[in-house]
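Undergrad: Below you'll find the structure I mean.
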Amino acid sequence: MAEQKESAVKSNKPLSGKTAIVTGASSGIGRATALTLAQAGAAVVISARRNDRLSKIVSDIQAKGGKALAVAGDASVTSDIDRLLEKTLEWKEGGRKYDIVMVNAGRGLAGGTLTSEQSQWEEVYQTNVIGASYLMRSAAAYFIKRKKGDIVAVGSVVGRNISPFSAFYGSSKFAIGAIAEGLRQEVCKYGVRVSLVMPGIVKSEFQKVAGYNEENFFKGIAHMGRLLGPQAIADGICWLLTQPPHVNVSEIIIRPTGQNYP
Ligand SMILES: NC(=O)c1ccc[n+]([C@@H]2O[C@H](COP(=O)([O-])OP(=O)(O)OC[C@H]3O[C@@H](n4cnc5c(N)ncnc54)[C@H](OP(=O)(O)O)[C@@H]3O)[C@@H](O)[C@H]2O)c1
C-alpha cells in the first residue's frame with residue numbers, strides 16, 4: 001500500500017483515470033490547460049464556439065496518445081451547457097463521467113463604467129457570470145452525488161482589485177469570485193473542491209476581444225516587463241488539481257513578476 005502511494009506520487013500521469021471538462025479551450029488559457037491536463041493523463045472534453053480550433057486540439061492530443069473529445073457550444077447558452085455535460089456522460093473513452101470542470105470561457109471588455117462599450121455589457125455578464133454560474137451549479141449537483149470532484153473557476157486579478165481600465169469586466173470577475181467561494185462553502189462537506197484561479201496579465205486573444213489598444217491599455221502596462229503566457233496559468237491549475245483530496249487550494253493569484261497593479 002505504502003509502495004503504491006509512493007509510485008502514484010512519482011507518476012508523470014497524476015491525472016490518469018480522470019476526465020476533465022475545459023470550457024474556452026479553443027485559445028489561450030483554456031487551450032494550454034486542456035493540453036497540460038491531457039499530458040498529465042486526463043481524458044479531456046473541450047468546448048468553445050470555434051469547432052475548427054477544437055478539432056485541431058483533439059488531433060494534437062490524440063497524436064500524443066491522449067484522449068480528447070470536442071463539444072462545440074456557446075458558454076452563455078444554458079442548453080449548450082447541458083449538451084456539453086450530456087455528451088461528456090455519453091463519452092465511452094472518458095468513462096462516461098467527469099471529475100474536473102474548468103469554468104474558463106469568458107471575455108474581457110476595455111474600460112470602466114463611463115468608457116466601456118455598453119452594447120457589450122450583456123454579453124460579458126451572460127458569458128462570464130450567468131453561463132459560468134450555470135455550469136458550476138450543474139457540475140456541483142453532479143459532484144455532490146459522487147462525493148468528489150473539482151470545479152476550477154477562472155476569475156481575474158481585476159476581480160480582486162478593480163482598475164479603471166477594465167472596471168466593467170472586473171465587476172463580472174468579482175461576481176464569479178463571490179459565487180465560487182459561496183459554492184465552495186456549500187459543497188465542501190461533500191468532498192467537492194472549488195478553486196478560484198485569478199490570472200494577472202496573460203498574453204492571449206483576450207486583449208483583442210476586449211478592445212485593448214495602445215492608449216487604453218498597453219501604454220499603462222509597458223513598465224511591467226515580461227507578461228505571462230497561458231502556460232503559467234495551466235501549470236498552476238494542474239498543480240492544484242494534483243494535491244491530495246483533503247487539500248483544496250481555494251484561491252490562487254498568478255501574476256507576471258513585474259505586474260505591480262492591479
Ligand atoms: N488574458 C488575461 O490577461 C486574463 C486575465 C485574467 C483572467 N482572464 C480570464 O481567463 C479566461 C480565458 O481567457 P484567455 O486569456 O485565454 O482569452 P482568449 O485567448 O480570448 O480565450 C477565451 C476562450 O473563451 C472562449 N469563449 C469566449 N466566449 C465564449 C462563449 N460565449 N462561448 C463559448 N466559448 C467562449 C473562446 O472561444 P471561442 O471564441 O472559440 O468561443 C476562447 O476559447 C477568461 O475567462 C478571461 O476572462 C484572462
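The chains in the C-alpha cells are called A, B, ... from first to last as shown; in each chain the residues are counted from 1, and the ligands are counted from 1 in the order shown.
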Which of segment 34-95 of chain A end up as strand (DSSP E or B) when DSSP is run on this backbone - answer as a list in words?
TA: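 Of segment 34-95 of chain A, the ones in strand (DSSP E or B) are Ala43, Val44, Val45, Ile46, Ser47, Ala68, Leu69 and Ala70 of chain A.
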Undergrad: Can I get the residues of chain A within 6 Å of ligand 1, each with the closest pair of atoms and their distance in Å to one decimal, using only C-alpha atoms and all ligand atoms, sorted chain first then ascending number, as JSON lines?
TA:
```
{"residue": "A:Gly24", "atom": "CA", "partner": "ligand 1", "partner_atom_place_in_ligand_line": "43 (O)", "distance": 3.4}
{"residue": "A:Ala25", "atom": "CA", "partner": "ligand 1", "partner_atom_place_in_ligand_line": "43 (O)", "distance": 4.4}
{"residue": "A:Ser26", "atom": "CA", "partner": "ligand 1", "partner_atom_place_in_ligand_line": "43 (O)", "distance": 3.8}
{"residue": "A:Ser27", "atom": "CA", "partner": "ligand 1", "partner_atom_place_in_ligand_line": "43 (O)", "distance": 4.2}
{"residue": "A:Gly28", "atom": "CA", "partner": "ligand 1", "partner_atom_place_in_ligand_line": "16 (O)", "distance": 3.4}
{"residue": "A:Ile29", "atom": "CA", "partner": "ligand 1", "partner_atom_place_in_ligand_line": "16 (O)", "distance": 3.7}
{"residue": "A:Gly30", "atom": "CA", "partner": "ligand 1", "partner_atom_place_in_ligand_line": "16 (O)", "distance": 5.5}
{"residue": "A:Ala48", "atom": "CA", "partner": "ligand 1", "partner_atom_place_in_ligand_line": "34 (N)", "distance": 3.9}
{"residue": "A:Arg49", "atom": "CA", "partner": "ligand 1", "partner_atom_place_in_ligand_line": "41 (O)", "distance": 3.5}
{"residue": "A:Arg50", "atom": "CA", "partner": "ligand 1", "partner_atom_place_in_ligand_line": "40 (O)", "distance": 3.8}
{"residue": "A:Gly73", "atom": "CA", "partner": "ligand 1", "partner_atom_place_in_ligand_line": "33 (C)", "distance": 5.8}
{"residue": "A:Asp74", "atom": "CA", "partner": "ligand 1", "partner_atom_place_in_ligand_line": "32 (N)", "distance": 3.5}
{"residue": "A:Ala75", "atom": "CA", "partner": "ligand 1", "partner_atom_place_in_ligand_line": "32 (N)", "distance": 3.7}
{"residue": "A:Ser76", "atom": "CA", "partner": "ligand 1", "partner_atom_place_in_ligand_line": "31 (N)", "distance": 5.0}
{"residue": "A:Asn104", "atom": "CA", "partner": "ligand 1", "partner_atom_place_in_ligand_line": "45 (O)", "distance": 4.6}
{"residue": "A:Ala105", "atom": "CA", "partner": "ligand 1", "partner_atom_place_in_ligand_line": "24 (O)", "distance": 3.7}
{"residue": "A:Gly106", "atom": "CA", "partner": "ligand 1", "partner_atom_place_in_ligand_line": "45 (O)", "distance": 3.6}
{"residue": "A:Arg107", "atom": "CA", "partner": "ligand 1", "partner_atom_place_in_ligand_line": "47 (O)", "distance": 4.8}
{"residue": "A:Gly108", "atom": "CA", "partner": "ligand 1", "partner_atom_place_in_ligand_line": "47 (O)", "distance": 5.5}
{"residue": "A:Thr127", "atom": "CA", "partner": "ligand 1", "partner_atom_place_in_ligand_line": "31 (N)", "distance": 5.3}
{"residue": "A:Val154", "atom": "CA", "partner": "ligand 1", "partner_atom_place_in_ligand_line": "45 (O)", "distance": 5.5}
{"residue": "A:Gly155", "atom": "CA", "partner": "ligand 1", "partner_atom_place_in_ligand_line": "7 (C)", "distance": 5.5}
{"residue": "A:Ser156", "atom": "CA", "partner": "ligand 1", "partner_atom_place_in_ligand_line": "6 (C)", "distance": 4.0}
{"residue": "A:Pro199", "atom": "CA", "partner": "ligand 1", "partner_atom_place_in_ligand_line": "6 (C)", "distance": 4.3}
{"residue": "A:Gly200", "atom": "CA", "partner": "ligand 1", "partner_atom_place_in_ligand_line": "5 (C)", "distance": 5.0}
{"residue": "A:Ile201", "atom": "CA", "partner": "ligand 1", "partner_atom_place_in_ligand_line": "3 (O)", "distance": 3.7}
{"residue": "A:Val202", "atom": "CA", "partner": "ligand 1", "partner_atom_place_in_ligand_line": "3 (O)", "distance": 3.7}
{"residue": "A:Lys203", "atom": "CA", "partner": "ligand 1", "partner_atom_place_in_ligand_line": "1 (N)", "distance": 5.5}
{"residue": "A:Ser204", "atom": "CA", "partner": "ligand 1", "partner_atom_place_in_ligand_line": "19 (O)", "distance": 4.3}
{"residue": "A:Glu205", "atom": "CA", "partner": "ligand 1", "partner_atom_place_in_ligand_line": "19 (O)", "distance": 3.8}
{"residue": "A:Phe206", "atom": "CA", "partner": "ligand 1", "partner_atom_place_in_ligand_line": "20 (O)", "distance": 3.5}
```
Undergrad: Measuring between only C-alpha atoms, which one of A:Arg137, A:Lys219, A:Arg193, A:Lys67 shows the shortest distance to Pro244 of chain A?
TA: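 Answer, going by the shortest atom-to-atom distance: A:Arg193.
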Undergrad: Just the number, please: distance in Å from atom CA of Asp82 of chain A to atom CA of Leu135 of chain A, one decimal.
TA: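 We find that atom CA of Asp82 of chain A and atom CA of Leu135 of chain A lie 8.3 Å from each other.
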Undergrad: Using only C-alpha atoms, find each residue in segment 51-83 of chain A having at least one atom no more than 12 Å away from segment 90-101 of chain A; report its shortest atom-to-atom pair and that distance in Å (one decimal), rows by chain then rising number, as a tab-separated table.
TA:
```
residue	atom	partner	partner_atom	distance
A:Gln62	CA	A:Glu93	CA	11.8
A:Gly66	CA	A:Glu93	CA	10.3
A:Lys67	CA	A:Glu93	CA	7.0
A:Ala68	CA	A:Gly94	CA	8.1
A:Leu69	CA	A:Trp91	CA	8.0
A:Ala70	CA	A:Trp91	CA	10.6
A:Val71	CA	A:Trp91	CA	10.8
A:Ile81	CA	A:Val101	CA	11.8
A:Arg83	CA	A:Glu90	CA	10.5
```
Undergrad: Kindly export the residues of the current selection with C-alpha atoms, as a compact mmCIF listing (two decimals), in the first residue's frame.
TA:
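Wrote it out as part_32.txt, contents follow:
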```txt
# COMPACT_ATOMS: atom_id res chain seq x y z
CA GLN A 62 -4.67 12.07 -29.77
CA GLY A 66 -4.14 11.14 -25.14
CA LYS A 67 -7.93 11.08 -25.08
CA ALA A 68 -9.96 14.09 -26.15
CA LEU A 69 -13.47 14.97 -27.26
CA ALA A 70 -14.67 18.26 -28.73
CA VAL A 71 -18.18 19.53 -27.99
CA ILE A 81 -24.01 23.76 -21.42
CA ARG A 83 -25.42 19.38 -24.13
```
Undergrad: What separation in Å, quoted to one decimal, exists between atom CA of Gln231 of chain A and atom CA of Lys13 of chain A?
TA: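 Between atom CA of Gln231 of chain A and atom CA of Lys13 of chain A the gap is 17.7 Å.
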Undergrad: If we count only C-alpha atoms and set the cut-off at 12 Å, which residues sit around segment 140-151 of chain A, ignoring sequence neighbours fewer than 3 positions away in its own chain? Please answer as a tab-separated table (two decimals) with C-alpha atoms, in the first residue's frame.
TA:
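Contents of the output file result-v6.tsv:
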```
chain	number	residue	atom	x	y	z
A	18	LYS	CA	-9.81	11.38	-14.54
A	19	THR	CA	-11.99	13.17	-17.08
A	20	ALA	CA	-11.75	16.95	-17.27
A	21	ILE	CA	-14.11	19.38	-19.00
A	22	VAL	CA	-12.44	22.61	-20.11
A	23	THR	CA	-14.51	25.49	-21.49
A	85	LEU	CA	-22.43	17.71	-19.93
A	86	GLU	CA	-24.66	15.15	-21.67
A	89	LEU	CA	-21.53	11.48	-19.84
A	97	LYS	CA	-18.31	10.53	-16.13
A	98	TYR	CA	-16.36	13.64	-15.28
A	99	ASP	CA	-14.13	14.56	-12.35
A	100	ILE	CA	-12.95	18.09	-13.14
A	101	VAL	CA	-14.71	21.11	-14.63
A	102	MET	CA	-12.68	24.15	-15.56
A	103	VAL	CA	-15.04	27.10	-15.94
A	104	ASN	CA	-12.87	29.28	-18.12
A	132	ALA	CA	-20.30	30.21	-15.77
A	133	SER	CA	-22.58	30.00	-12.72
A	134	TYR	CA	-24.97	27.65	-14.50
A	135	LEU	CA	-22.10	25.30	-15.37
A	136	MET	CA	-20.77	25.48	-11.81
A	137	ARG	CA	-24.17	24.70	-10.37
A	154	VAL	CA	-11.16	31.34	-13.74
A	179	ILE	CA	-20.11	32.73	-6.47
A	180	ALA	CA	-17.14	30.33	-6.46
A	181	GLU	CA	-16.36	30.97	-2.78
A	182	GLY	CA	-20.01	30.72	-1.78
A	183	LEU	CA	-20.32	27.45	-3.69
A	184	ARG	CA	-17.16	26.14	-2.02
A	185	GLN	CA	-18.77	26.73	1.34
A	186	GLU	CA	-21.91	24.87	0.21
A	187	VAL	CA	-20.20	21.81	-1.24
A	188	CYS	CA	-17.05	21.26	0.83
A	189	LYS	CA	-18.89	18.92	3.21
A	190	TYR	CA	-19.46	16.54	0.29
A	191	GLY	CA	-15.76	16.25	-0.54
A	192	VAL	CA	-16.11	18.57	-3.54
A	193	ARG	CA	-13.37	21.15	-4.10
A	194	VAL	CA	-13.82	24.59	-5.65
A	195	SER	CA	-10.81	26.65	-6.69
A	196	LEU	CA	-10.74	30.22	-7.92
A	197	VAL	CA	-7.78	30.98	-10.17
A	237	ILE	CA	-4.16	24.66	-12.38
A	238	CYS	CA	-2.50	21.29	-12.95
A	240	LEU	CA	-3.74	22.47	-7.60
A	241	LEU	CA	-5.64	19.58	-9.18
A	242	THR	CA	-2.91	17.14	-8.21
A	243	GLN	CA	-2.99	17.96	-4.49
A	244	PRO	CA	-4.32	15.18	-2.22
A	245	PRO	CA	-8.15	15.09	-1.94
A	246	HIS	CA	-8.19	16.69	1.54
A	247	VAL	CA	-6.25	19.74	0.25
A	248	ASN	CA	-8.31	22.43	-1.51
A	249	VAL	CA	-6.27	25.31	-2.93
A	250	SER	CA	-9.33	27.54	-2.90
A	251	GLU	CA	-7.73	30.70	-4.32
```
Undergrad: One decimal, Å: what's the distance from atom CA of Asn260 of chain A over to atom CA of His223 of chain A, could you say?
TA: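 One can read the atom CA of Asn260 of chain A to atom CA of His223 of chain A distance as 9.3 Å.
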Undergrad: Compare A:Leu37, A:Leu227, A:Val45, A:Val129 by their minimum atom-to-atom distance to Leu84 of chain A, counting only C-alpha atoms, and give me the closest one.
TA: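 Closest candidate: A:Val45.
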Undergrad: Using the chain letters and numbers from this document, which residues of segment 60-207 of chain A does DSSP assign to helix (DSSP H, G or I), as a ChimeraX atom specification?
TA: /A:60-63,78-90,118-146,157-159,167-190,206-207
Undergrad: Quick one: of A:Thr88, A:Ala175, A:Gln118, A:Phe165, who's nearest to Phe218 of chain A, counting only C-alpha atoms?
TA: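 Comparing A:Thr88, A:Ala175, A:Gln118, A:Phe165 against Phe218 of chain A, the winner is A:Phe165.
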Undergrad: Which one of A:Asn12, A:Ser55, A:Ser171, A:Ser138 sits closest to Gly111 of chain A if you count only C-alpha atoms?
TA: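 That would be A:Ser171, the residue with the smallest distance to Gly111 of chain A.
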